[in-house]
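*Asks:* The structure file final22.pdb (PDB, C-alpha atoms and all ligand atoms) is provided below.
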```pdb
ATOM      1  CA  MET A   1       0.000   0.000   0.000
ATOM      2  CA  GLY A   2       1.226   3.513   0.536
ATOM      3  CA  TRP A   3       0.756   5.958   3.352
ATOM      4  CA  ILE A   4       1.648   5.141   6.945
ATOM      5  CA  HIS A   5       0.301   6.676  10.110
ATOM      6  CA  GLU A   6       1.651   5.553  13.474
ATOM      7  CA  ASP A   7       0.574   6.492  16.953
ATOM      8  CA  SER A   8       1.358   4.985  20.344
ATOM      9  CA  SER A   9      -0.685   1.827  19.854
ATOM     10  CA  SER A  10      -1.563   1.544  16.166
ATOM     11  CA  THR A  11      -0.051   1.514  12.730
ATOM     12  CA  HIS A  12      -2.241   2.350   9.742
ATOM     13  CA  GLU A  13      -1.213   1.752   6.175
ATOM     14  CA  ALA A  14      -3.526   3.075   3.486
ATOM     15  CA  GLY A  15      -3.753   3.501  -0.246
ATOM     16  CA  PHE A  16      -5.961   3.151  -3.289
ATOM     17  CA  VAL A  17      -7.011  -0.177  -4.739
ATOM     18  CA  ALA A  18      -8.165   0.064  -8.358
ATOM     19  CA  VAL A  19     -11.497  -1.596  -9.172
ATOM     20  CA  PHE A  20     -13.308  -2.666 -12.334
ATOM     21  CA  ASP A  21     -17.016  -2.333 -13.148
ATOM     22  CA  ASP A  22     -17.804  -5.840 -11.842
ATOM     23  CA  GLY A  23     -16.114  -5.100  -8.515
ATOM     24  CA  THR A  24     -12.893  -6.972  -9.308
ATOM     25  CA  GLU A  25      -9.967  -5.424  -7.483
ATOM     26  CA  SER A  26      -6.444  -4.910  -8.735
ATOM     27  CA  ARG A  27      -3.626  -6.739  -6.979
ATOM     28  CA  GLY A  28      -0.897  -4.733  -8.641
ATOM     29  CA  GLN A  29       0.289  -3.643 -12.027
ATOM     30  CA  THR A  30       2.067  -5.271 -14.885
ATOM     31  CA  ALA A  31       2.713  -4.543 -18.530
ATOM     32  CA  VAL A  32       1.300  -6.566 -21.419
ATOM     33  CA  ASP A  33       2.800  -5.724 -24.818
ATOM     34  CA  GLY A  34       3.913  -2.394 -23.413
ATOM     35  CA  VAL A  35       0.422  -1.470 -22.163
ATOM     36  CA  VAL A  36      -0.221  -1.106 -18.463
ATOM     37  CA  HIS A  37      -2.515  -3.788 -17.006
ATOM     38  CA  GLU A  38      -3.865  -4.616 -13.572
ATOM     39  CA  ILE A  39      -3.205  -8.042 -12.103
ATOM     40  CA  VAL A  40      -6.580  -9.450 -11.062
ATOM     41  CA  GLY A  41      -6.155 -13.173 -10.471
ATOM     42  CA  GLU A  42      -4.187 -15.520  -8.252
ATOM     43  CA  SER A  43      -2.262 -16.786 -11.242
ATOM     44  CA  GLY A  44      -1.488 -13.417 -12.764
ATOM     45  CA  GLU A  45      -4.516 -12.854 -15.039
ATOM     46  CA  SER A  46      -4.656  -9.216 -16.028
ATOM     47  CA  ARG A  47      -6.998  -6.589 -17.429
ATOM     48  CA  PRO A  48      -6.100  -3.318 -19.147
ATOM     49  CA  SER A  49      -5.750  -0.508 -16.631
ATOM     50  CA  ALA A  50      -7.814   1.675 -18.962
ATOM     51  CA  GLU A  51     -10.900  -0.333 -17.859
ATOM     52  CA  ILE A  52     -10.590   0.835 -14.253
ATOM     53  CA  VAL A  53     -13.787   2.575 -13.093
ATOM     54  CA  GLY A  54     -12.609   3.792  -9.726
ATOM     55  CA  TRP A  55     -10.675   3.127  -6.540
ATOM     56  CA  VAL A  56     -11.344   1.926  -3.031
ATOM     57  CA  LEU A  57      -9.518   3.880  -0.358
ATOM     58  CA  ARG A  58      -8.409   1.120   2.022
ATOM     59  CA  CYS A  59      -6.464   0.977   5.279
ATOM     60  CA  HIS A  60      -4.770  -1.998   6.895
ATOM     61  CA  CYS A  61      -4.658  -1.416  10.626
ATOM     62  CA  HIS A  62      -2.374  -3.067  13.155
ATOM     63  CA  SER A  63      -3.114  -2.146  16.739
ATOM     64  CA  THR A  64      -2.360  -3.560  20.156
ATOM     65  CA  PHE A  65      -6.018  -4.318  20.533
ATOM     66  CA  PRO A  66      -8.255  -5.344  18.969
ATOM     67  CA  ALA A  67      -6.621  -7.657  16.442
ATOM     68  CA  PRO A  68      -5.454  -6.353  13.056
ATOM     69  CA  SER A  69      -8.329  -5.112  10.972
ATOM     70  CA  SER A  70      -9.003  -3.067   7.891
ATOM     71  CA  TRP A  71     -11.111  -0.147   6.815
ATOM     72  CA  ASP A  72     -12.610   0.782   3.434
ATOM     73  CA  ASP A  73     -13.901   4.224   2.617
ATOM     74  CA  PRO A  74     -17.606   3.414   2.092
ATOM     75  CA  ASP A  75     -17.673   5.777  -0.896
ATOM     76  CA  ARG A  76     -16.035   4.521  -4.065
ATOM     77  CA  TRP A  77     -13.646   7.068  -5.588
ATOM     78  CA  THR A  78     -14.948   7.345  -9.128
ATOM     79  CA  ARG A  79     -13.024   7.764 -12.326
ATOM     80  CA  CYS A  80     -14.666  10.479 -14.387
ATOM     81  CA  PRO A  81     -14.334  10.863 -18.145
ATOM     82  CA  SER A  82     -13.256  14.481 -18.480
ATOM     83  CA  GLU A  83     -11.183  17.012 -16.631
ATOM     84  CA  SER A  84     -14.136  19.381 -16.229
ATOM     85  CA  LEU A  85     -15.995  16.726 -14.213
ATOM     86  CA  GLU A  86     -13.171  16.212 -11.758
ATOM     87  CA  ASP A  87     -14.225  17.065  -8.214
ATOM     88  CA  LEU A  88     -11.809  15.775  -5.594
ATOM     89  CA  PRO A  89     -13.889  16.743  -2.539
ATOM     90  CA  ARG A  90     -16.661  14.592  -4.064
ATOM     91  CA  LYS A  91     -14.169  11.829  -4.837
ATOM     92  CA  ARG A  92     -14.336  12.165  -8.618
ATOM     93  CA  VAL A  93     -10.978  11.827 -10.288
ATOM     94  CA  PHE A  94     -10.138  12.458 -13.926
ATOM     95  CA  ALA A  95      -7.658   9.854 -15.127
ATOM     96  CA  PRO A  96      -6.893   9.589 -18.836
ATOM     97  CA  ASP A  97      -5.966   6.103 -20.034
ATOM     98  CA  ASP A  98      -2.300   6.946 -20.405
ATOM     99  CA  GLU A  99      -2.030   8.357 -16.867
ATOM    100  CA  ILE A 100      -4.227   5.967 -14.970
ATOM    101  CA  ALA A 101      -1.358   3.918 -13.623
ATOM    102  CA  ASP A 102       0.038   6.986 -11.895
ATOM    103  CA  ILE A 103      -3.148   8.534 -10.613
ATOM    104  CA  THR A 104      -2.602   7.424  -7.046
ATOM    105  CA  PHE A 105       0.691   9.291  -7.032
ATOM    106  CA  ARG A 106      -0.860  12.595  -8.092
ATOM    107  CA  GLY A 107      -0.217  15.093  -5.282
ATOM    108  CA  ASP A 108      -3.651  16.691  -5.070
ATOM    109  CA  VAL A 109      -5.425  13.304  -5.261
ATOM    110  CA  VAL A 110      -3.231  11.878  -2.504
ATOM    111  CA  GLU A 111      -3.810  14.947  -0.365
ATOM    112  CA  ALA A 112      -7.612  14.696  -0.755
ATOM    113  CA  ALA A 113      -7.567  10.974   0.016
ATOM    114  CA  GLN A 114      -5.319  11.343   3.046
ATOM    115  CA  ALA A 115      -7.629  14.029   4.452
ATOM    116  CA  VAL A 116     -10.595  11.631   4.195
ATOM    117  CA  TRP A 117      -8.560   8.774   5.648
ATOM    118  CA  MET A 118      -7.489  10.841   8.666
ATOM    119  CA  ARG A 119     -10.901  12.374   9.300
ATOM    120  CA  GLU A 120     -13.079   9.317   8.712
ATOM    121  CA  HIS A 121     -10.810   6.592  10.020
ATOM    122  CA  VAL A 122      -7.503   7.328  11.766
ATOM    123  CA  LEU A 123      -8.714   9.994  14.186
ATOM    124  CA  PRO A 124     -11.988   8.247  15.198
ATOM    125  CA  HIS A 125     -10.070   4.977  15.589
ATOM    126  CA  GLY A 126      -7.407   6.722  17.686
ATOM    127  CA  CYS A 127      -9.791   8.311  20.163
ATOM    128  CA  ILE A 128     -11.451   4.952  20.898
ATOM    129  CA  ASP A 129      -8.019   3.406  21.287
ATOM    130  CA  ALA A 130      -7.116   6.127  23.797
ATOM    131  CA  ILE A 131     -10.171   5.208  25.882
ATOM    132  CA  ARG A 132      -9.185   1.532  25.803
ATOM    133  CA  ARG A 133      -5.652   2.320  26.914
ATOM    134  CA  ALA A 134      -6.833   4.621  29.697
ATOM    135  CA  ALA A 135      -9.450   2.128  30.921
ATOM    136  CA  THR A 136      -6.839  -0.640  31.021
ATOM    137  CA  ALA A 137      -4.411   1.615  32.900
ATOM    138  CA  ARG A 138      -7.131   2.500  35.392
ATOM    139  CA  ARG A 139      -7.952  -1.160  36.096
ATOM    140  CA  THR A 140      -4.264  -1.873  36.662
ATOM    141  CA  ALA A 141      -3.945   1.112  39.003
ATOM    142  CA  GLU A 142      -7.046   0.061  40.977
ATOM    143  CA  ASP A 143      -5.571  -3.421  41.465
ATOM    144  CA  GLN A 144      -2.289  -1.916  42.658
ATOM    145  CA  LEU A 145      -4.133   0.369  45.070
ATOM    146  CA  ASP A 146      -6.141  -2.510  46.555
ATOM    147  CA  GLU A 147      -2.974  -4.536  47.003
ATOM    148  CA  ALA A 148      -1.096  -1.630  48.607
ATOM    149  CA  VAL A 149      -3.939  -1.023  51.054
ATOM    150  CA  ALA A 150      -4.030  -4.707  51.958
ATOM    151  CA  VAL A 151      -0.300  -4.599  52.747
ATOM    152  CA  ALA A 152      -0.723  -1.464  54.875
ATOM    153  CA  ARG A 153      -3.521  -3.084  56.849
ATOM    154  CA  ARG A 154      -1.481  -6.223  57.449
ATOM    155  CA  LEU A 155       1.260  -3.957  58.801
ATOM    156  CA  GLY A 156      -1.225  -2.296  61.134
ATOM    157  CA  ARG A 157      -1.453   1.143  59.551
ATOM    158  CA  SER A 158      -4.551   3.144  60.505
ATOM    159  CA  TRP A 159      -7.473   4.034  58.220
ATOM    160  CA  THR A 160      -6.539   7.676  58.839
ATOM    161  CA  ASP A 161      -3.046   7.174  57.375
ATOM    162  CA  ILE A 162      -4.352   5.039  54.526
ATOM    163  CA  GLY A 163      -7.111   7.523  53.729
ATOM    164  CA  ARG A 164      -4.684  10.436  53.736
ATOM    165  CA  ALA A 165      -2.305   8.599  51.386
ATOM    166  CA  ALA A 166      -5.153   7.678  49.043
ATOM    167  CA  GLY A 167      -6.559  11.203  48.992
ATOM    168  CA  MET A 168      -9.766  10.426  50.886
ATOM    169  CA  THR A 169     -11.168  10.563  54.392
ATOM    170  CA  ARG A 170     -10.595   7.898  57.044
ATOM    171  CA  GLN A 171     -14.293   7.063  56.775
ATOM    172  CA  SER A 172     -14.203   6.619  52.980
ATOM    173  CA  ALA A 173     -11.063   4.487  53.127
ATOM    174  CA  ASN A 174     -12.610   2.311  55.779
ATOM    175  CA  GLU A 175     -15.837   1.881  53.811
ATOM    176  CA  ARG A 176     -14.042   1.056  50.621
ATOM    177  CA  TRP A 177     -11.563  -1.506  51.907
ATOM    178  CA  ARG A 178     -12.672  -2.865  55.278
ATOM    179  CA  ASP A 179     -14.313  -5.975  53.778
ATOM    180  CA  ARG A 180     -11.432  -6.669  51.434
ATOM    181  CA  THR A 181      -8.484  -6.529  53.792
TER
HETATM  182 ZN    ZN A 201      -6.326   1.862   9.740
END
```
Starting from the file, give its structure as structure tokens.
Ligand SMILES: [Zn+2]
*Replies:*
Amino acid sequence: MGWIHEDSSSTHEAGFVAVFDDGTESRGQTAVDGVVHEIVGESGESRPSAEIVGWVLRCHCHSTFPAPSSWDDPDRWTRCPSESLEDLPRKRVFAPDDEIADITFRGDVVEAAQAVWMREHVLPHGCIDAIRRAATARRTAEDQLDEAVAVARRLGRSWTDIGRAAGMTRQSANERWRDRT
């Protein structure tokens, strides 16, 4: 694929996948008699790149949790037949037959696609990931706190001292931990 975005717990790798009118996806490019073709089959079958009707914007995501997954822009990026119909914010891209192989390297197309990818996928994914990380950290901290209080009680420390250390009143500390220690 192409573009990489990494944050503390995830790696995203996104790019365009060319598609044909029957939904067949390209697996890569090749040349047949000097004409650019898309590889479409396991055993190297190919179709002329000029028959491409559009592109799927796709991300492969690797994060700590959940397991690796992927994301497709639900809107197909459409190939339009003339320059005057091109409208990148509406995901319409003009790609003449002799330039179609390079369309996903065109600066303004890449910029428009990356903006969608960040806004619709990477950022929403990241904020949920941040909640997961924080919730996991909180559970770990709660376990450590319970254990530390249990040790303090075994050593005979008072609820007043424990409460002060935990940032709460003697009464609250007693209520929270008396049945657990
Ligand atoms: Zn992703």
*Asks:* Select, from A:Cys61, A:Leu145, A:Val110, A:Ile39, the residue with the minimum atom-to-atom distance to ligand ZN 201 (chain A), counting only C-alpha atoms and all ligand atoms.
*Replies:*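 Checking each candidate against ligand ZN 201 (chain A), we get A:Cys61 as the closest.
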*Asks:* Identify, counting only C-alpha atoms and all ligand atoms, the protein, DNA and RNA residues located within 7 Å of ligand ZN 201 (chain A), and give them as a list in words.
*Replies:* Thr11, His12, Glu13, Ala14, Cys59, His60, Cys61, Ser70, Trp71, His121 and Val122 of chain A
*Asks:* Can you measure CA of Ile52 in chain A to CA of Ile100 in chain A for me? One decimal in Å is fine.
*Replies:*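 These two atoms are separated by 8.2 Å.
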*Asks:* Taking the file as shown, what set of residues would the PyMOL selection byres (((chain A and resi 45) around 12) and not hetatm) give back, as an mmCIF file with C-alpha atoms, in the frame of the given file?
*Replies:*
```cif
data_model
loop_
_atom_site.group_PDB
_atom_site.id
_atom_site.type_symbol
_atom_site.label_atom_id
_atom_site.label_comp_id
_atom_site.auth_asym_id
_atom_site.auth_seq_id
_atom_site.Cartn_x
_atom_site.Cartn_y
_atom_site.Cartn_z
ATOM 1 C CA THR A 24 -12.893 -6.972 -9.308
ATOM 2 C CA GLU A 25 -9.967 -5.424 -7.483
ATOM 3 C CA SER A 26 -6.444 -4.910 -8.735
ATOM 4 C CA ARG A 27 -3.626 -6.739 -6.979
ATOM 5 C CA GLY A 28 -0.897 -4.733 -8.641
ATOM 6 C CA GLN A 29 0.289 -3.643 -12.027
ATOM 7 C CA THR A 30 2.067 -5.271 -14.885
ATOM 8 C CA ALA A 31 2.713 -4.543 -18.530
ATOM 9 C CA VAL A 32 1.300 -6.566 -21.419
ATOM 10 C CA HIS A 37 -2.515 -3.788 -17.006
ATOM 11 C CA GLU A 38 -3.865 -4.616 -13.572
ATOM 12 C CA ILE A 39 -3.205 -8.042 -12.103
ATOM 13 C CA VAL A 40 -6.580 -9.450 -11.062
ATOM 14 C CA GLY A 41 -6.155 -13.173 -10.471
ATOM 15 C CA GLU A 42 -4.187 -15.520 -8.252
ATOM 16 C CA SER A 43 -2.262 -16.786 -11.242
ATOM 17 C CA GLY A 44 -1.488 -13.417 -12.764
ATOM 18 C CA SER A 46 -4.656 -9.216 -16.028
ATOM 19 C CA ARG A 47 -6.998 -6.589 -17.429
ATOM 20 C CA PRO A 48 -6.100 -3.318 -19.147
#
```
*Asks:* Would you mind telling me which residue in A:Ile128, A:Ala148, A:Ala165, A:Ala141 lies nearest to Arg180 in chain A when using all atoms listed in the file?
*Replies:*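 Smallest separation from Arg180 in chain A among the options: A:Ala148.
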*Asks:* A:Glu6, A:Glu51, A:Asp108, A:Glu175: which is nearest Ala18 in chain A, counting only C-alpha atoms?
*Replies:*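 Of the candidates, the smallest distance to Ala18 in chain A is held by A:Glu51.
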*Asks:* Can you patch up range 119-134 of chain A, filling it in to N, CA and C atoms, and show the result as a JSON list (two decimals), keeping the file's coordinate frame?
*Replies:*
```
[["chain", "number", "residue", "atom", "x", "y", "z"],
["A", 119, "ARG", "N", -9.67, 11.88, 8.67],
["A", 119, "ARG", "CA", -10.90, 12.37, 9.30],
["A", 119, "ARG", "C", -11.90, 11.25, 9.58],
["A", 120, "GLU", "N", -12.04, 10.34, 8.60],
["A", 120, "GLU", "CA", -13.08, 9.32, 8.71],
["A", 120, "GLU", "C", -12.60, 8.06, 9.44],
["A", 121, "HIS", "N", -11.30, 7.86, 9.48],
["A", 121, "HIS", "CA", -10.81, 6.59, 10.02],
["A", 121, "HIS", "C", -9.76, 6.73, 11.12],
["A", 122, "VAL", "N", -8.63, 7.36, 10.81],
["A", 122, "VAL", "CA", -7.50, 7.33, 11.77],
["A", 122, "VAL", "C", -7.86, 8.05, 13.07],
["A", 123, "LEU", "N", -8.41, 9.24, 12.96],
["A", 123, "LEU", "CA", -8.71, 9.99, 14.19],
["A", 123, "LEU", "C", -9.83, 9.34, 15.01],
["A", 124, "PRO", "N", -10.96, 8.94, 14.40],
["A", 124, "PRO", "CA", -11.99, 8.25, 15.20],
["A", 124, "PRO", "C", -11.47, 6.95, 15.81],
["A", 125, "HIS", "N", -10.65, 6.21, 15.06],
["A", 125, "HIS", "CA", -10.07, 4.98, 15.59],
["A", 125, "HIS", "C", -9.16, 5.30, 16.78],
["A", 126, "GLY", "N", -8.37, 6.35, 16.64],
["A", 126, "GLY", "CA", -7.41, 6.72, 17.69],
["A", 126, "GLY", "C", -8.07, 7.14, 18.98],
["A", 127, "CYS", "N", -9.19, 7.84, 18.91],
["A", 127, "CYS", "CA", -9.79, 8.31, 20.16],
["A", 127, "CYS", "C", -10.41, 7.15, 20.92],
["A", 128, "ILE", "N", -10.93, 6.15, 20.22],
["A", 128, "ILE", "CA", -11.45, 4.95, 20.90],
["A", 128, "ILE", "C", -10.30, 4.15, 21.50],
["A", 129, "ASP", "N", -9.21, 4.08, 20.77],
["A", 129, "ASP", "CA", -8.02, 3.41, 21.29],
["A", 129, "ASP", "C", -7.52, 4.07, 22.57],
["A", 130, "ALA", "N", -7.58, 5.40, 22.61],
["A", 130, "ALA", "CA", -7.12, 6.13, 23.80],
["A", 130, "ALA", "C", -7.98, 5.78, 25.01],
["A", 131, "ILE", "N", -9.28, 5.60, 24.78],
["A", 131, "ILE", "CA", -10.17, 5.21, 25.88],
["A", 131, "ILE", "C", -9.81, 3.81, 26.37],
["A", 132, "ARG", "N", -9.58, 2.90, 25.42],
["A", 132, "ARG", "CA", -9.18, 1.53, 25.80],
["A", 132, "ARG", "C", -7.92, 1.53, 26.64],
["A", 133, "ARG", "N", -6.93, 2.29, 26.18],
["A", 133, "ARG", "CA", -5.65, 2.32, 26.91],
["A", 133, "ARG", "C", -5.85, 2.88, 28.31],
["A", 134, "ALA", "N", -6.62, 3.98, 28.40],
["A", 134, "ALA", "CA", -6.83, 4.62, 29.70],
["A", 134, "ALA", "C", -7.62, 3.71, 30.63]]
```
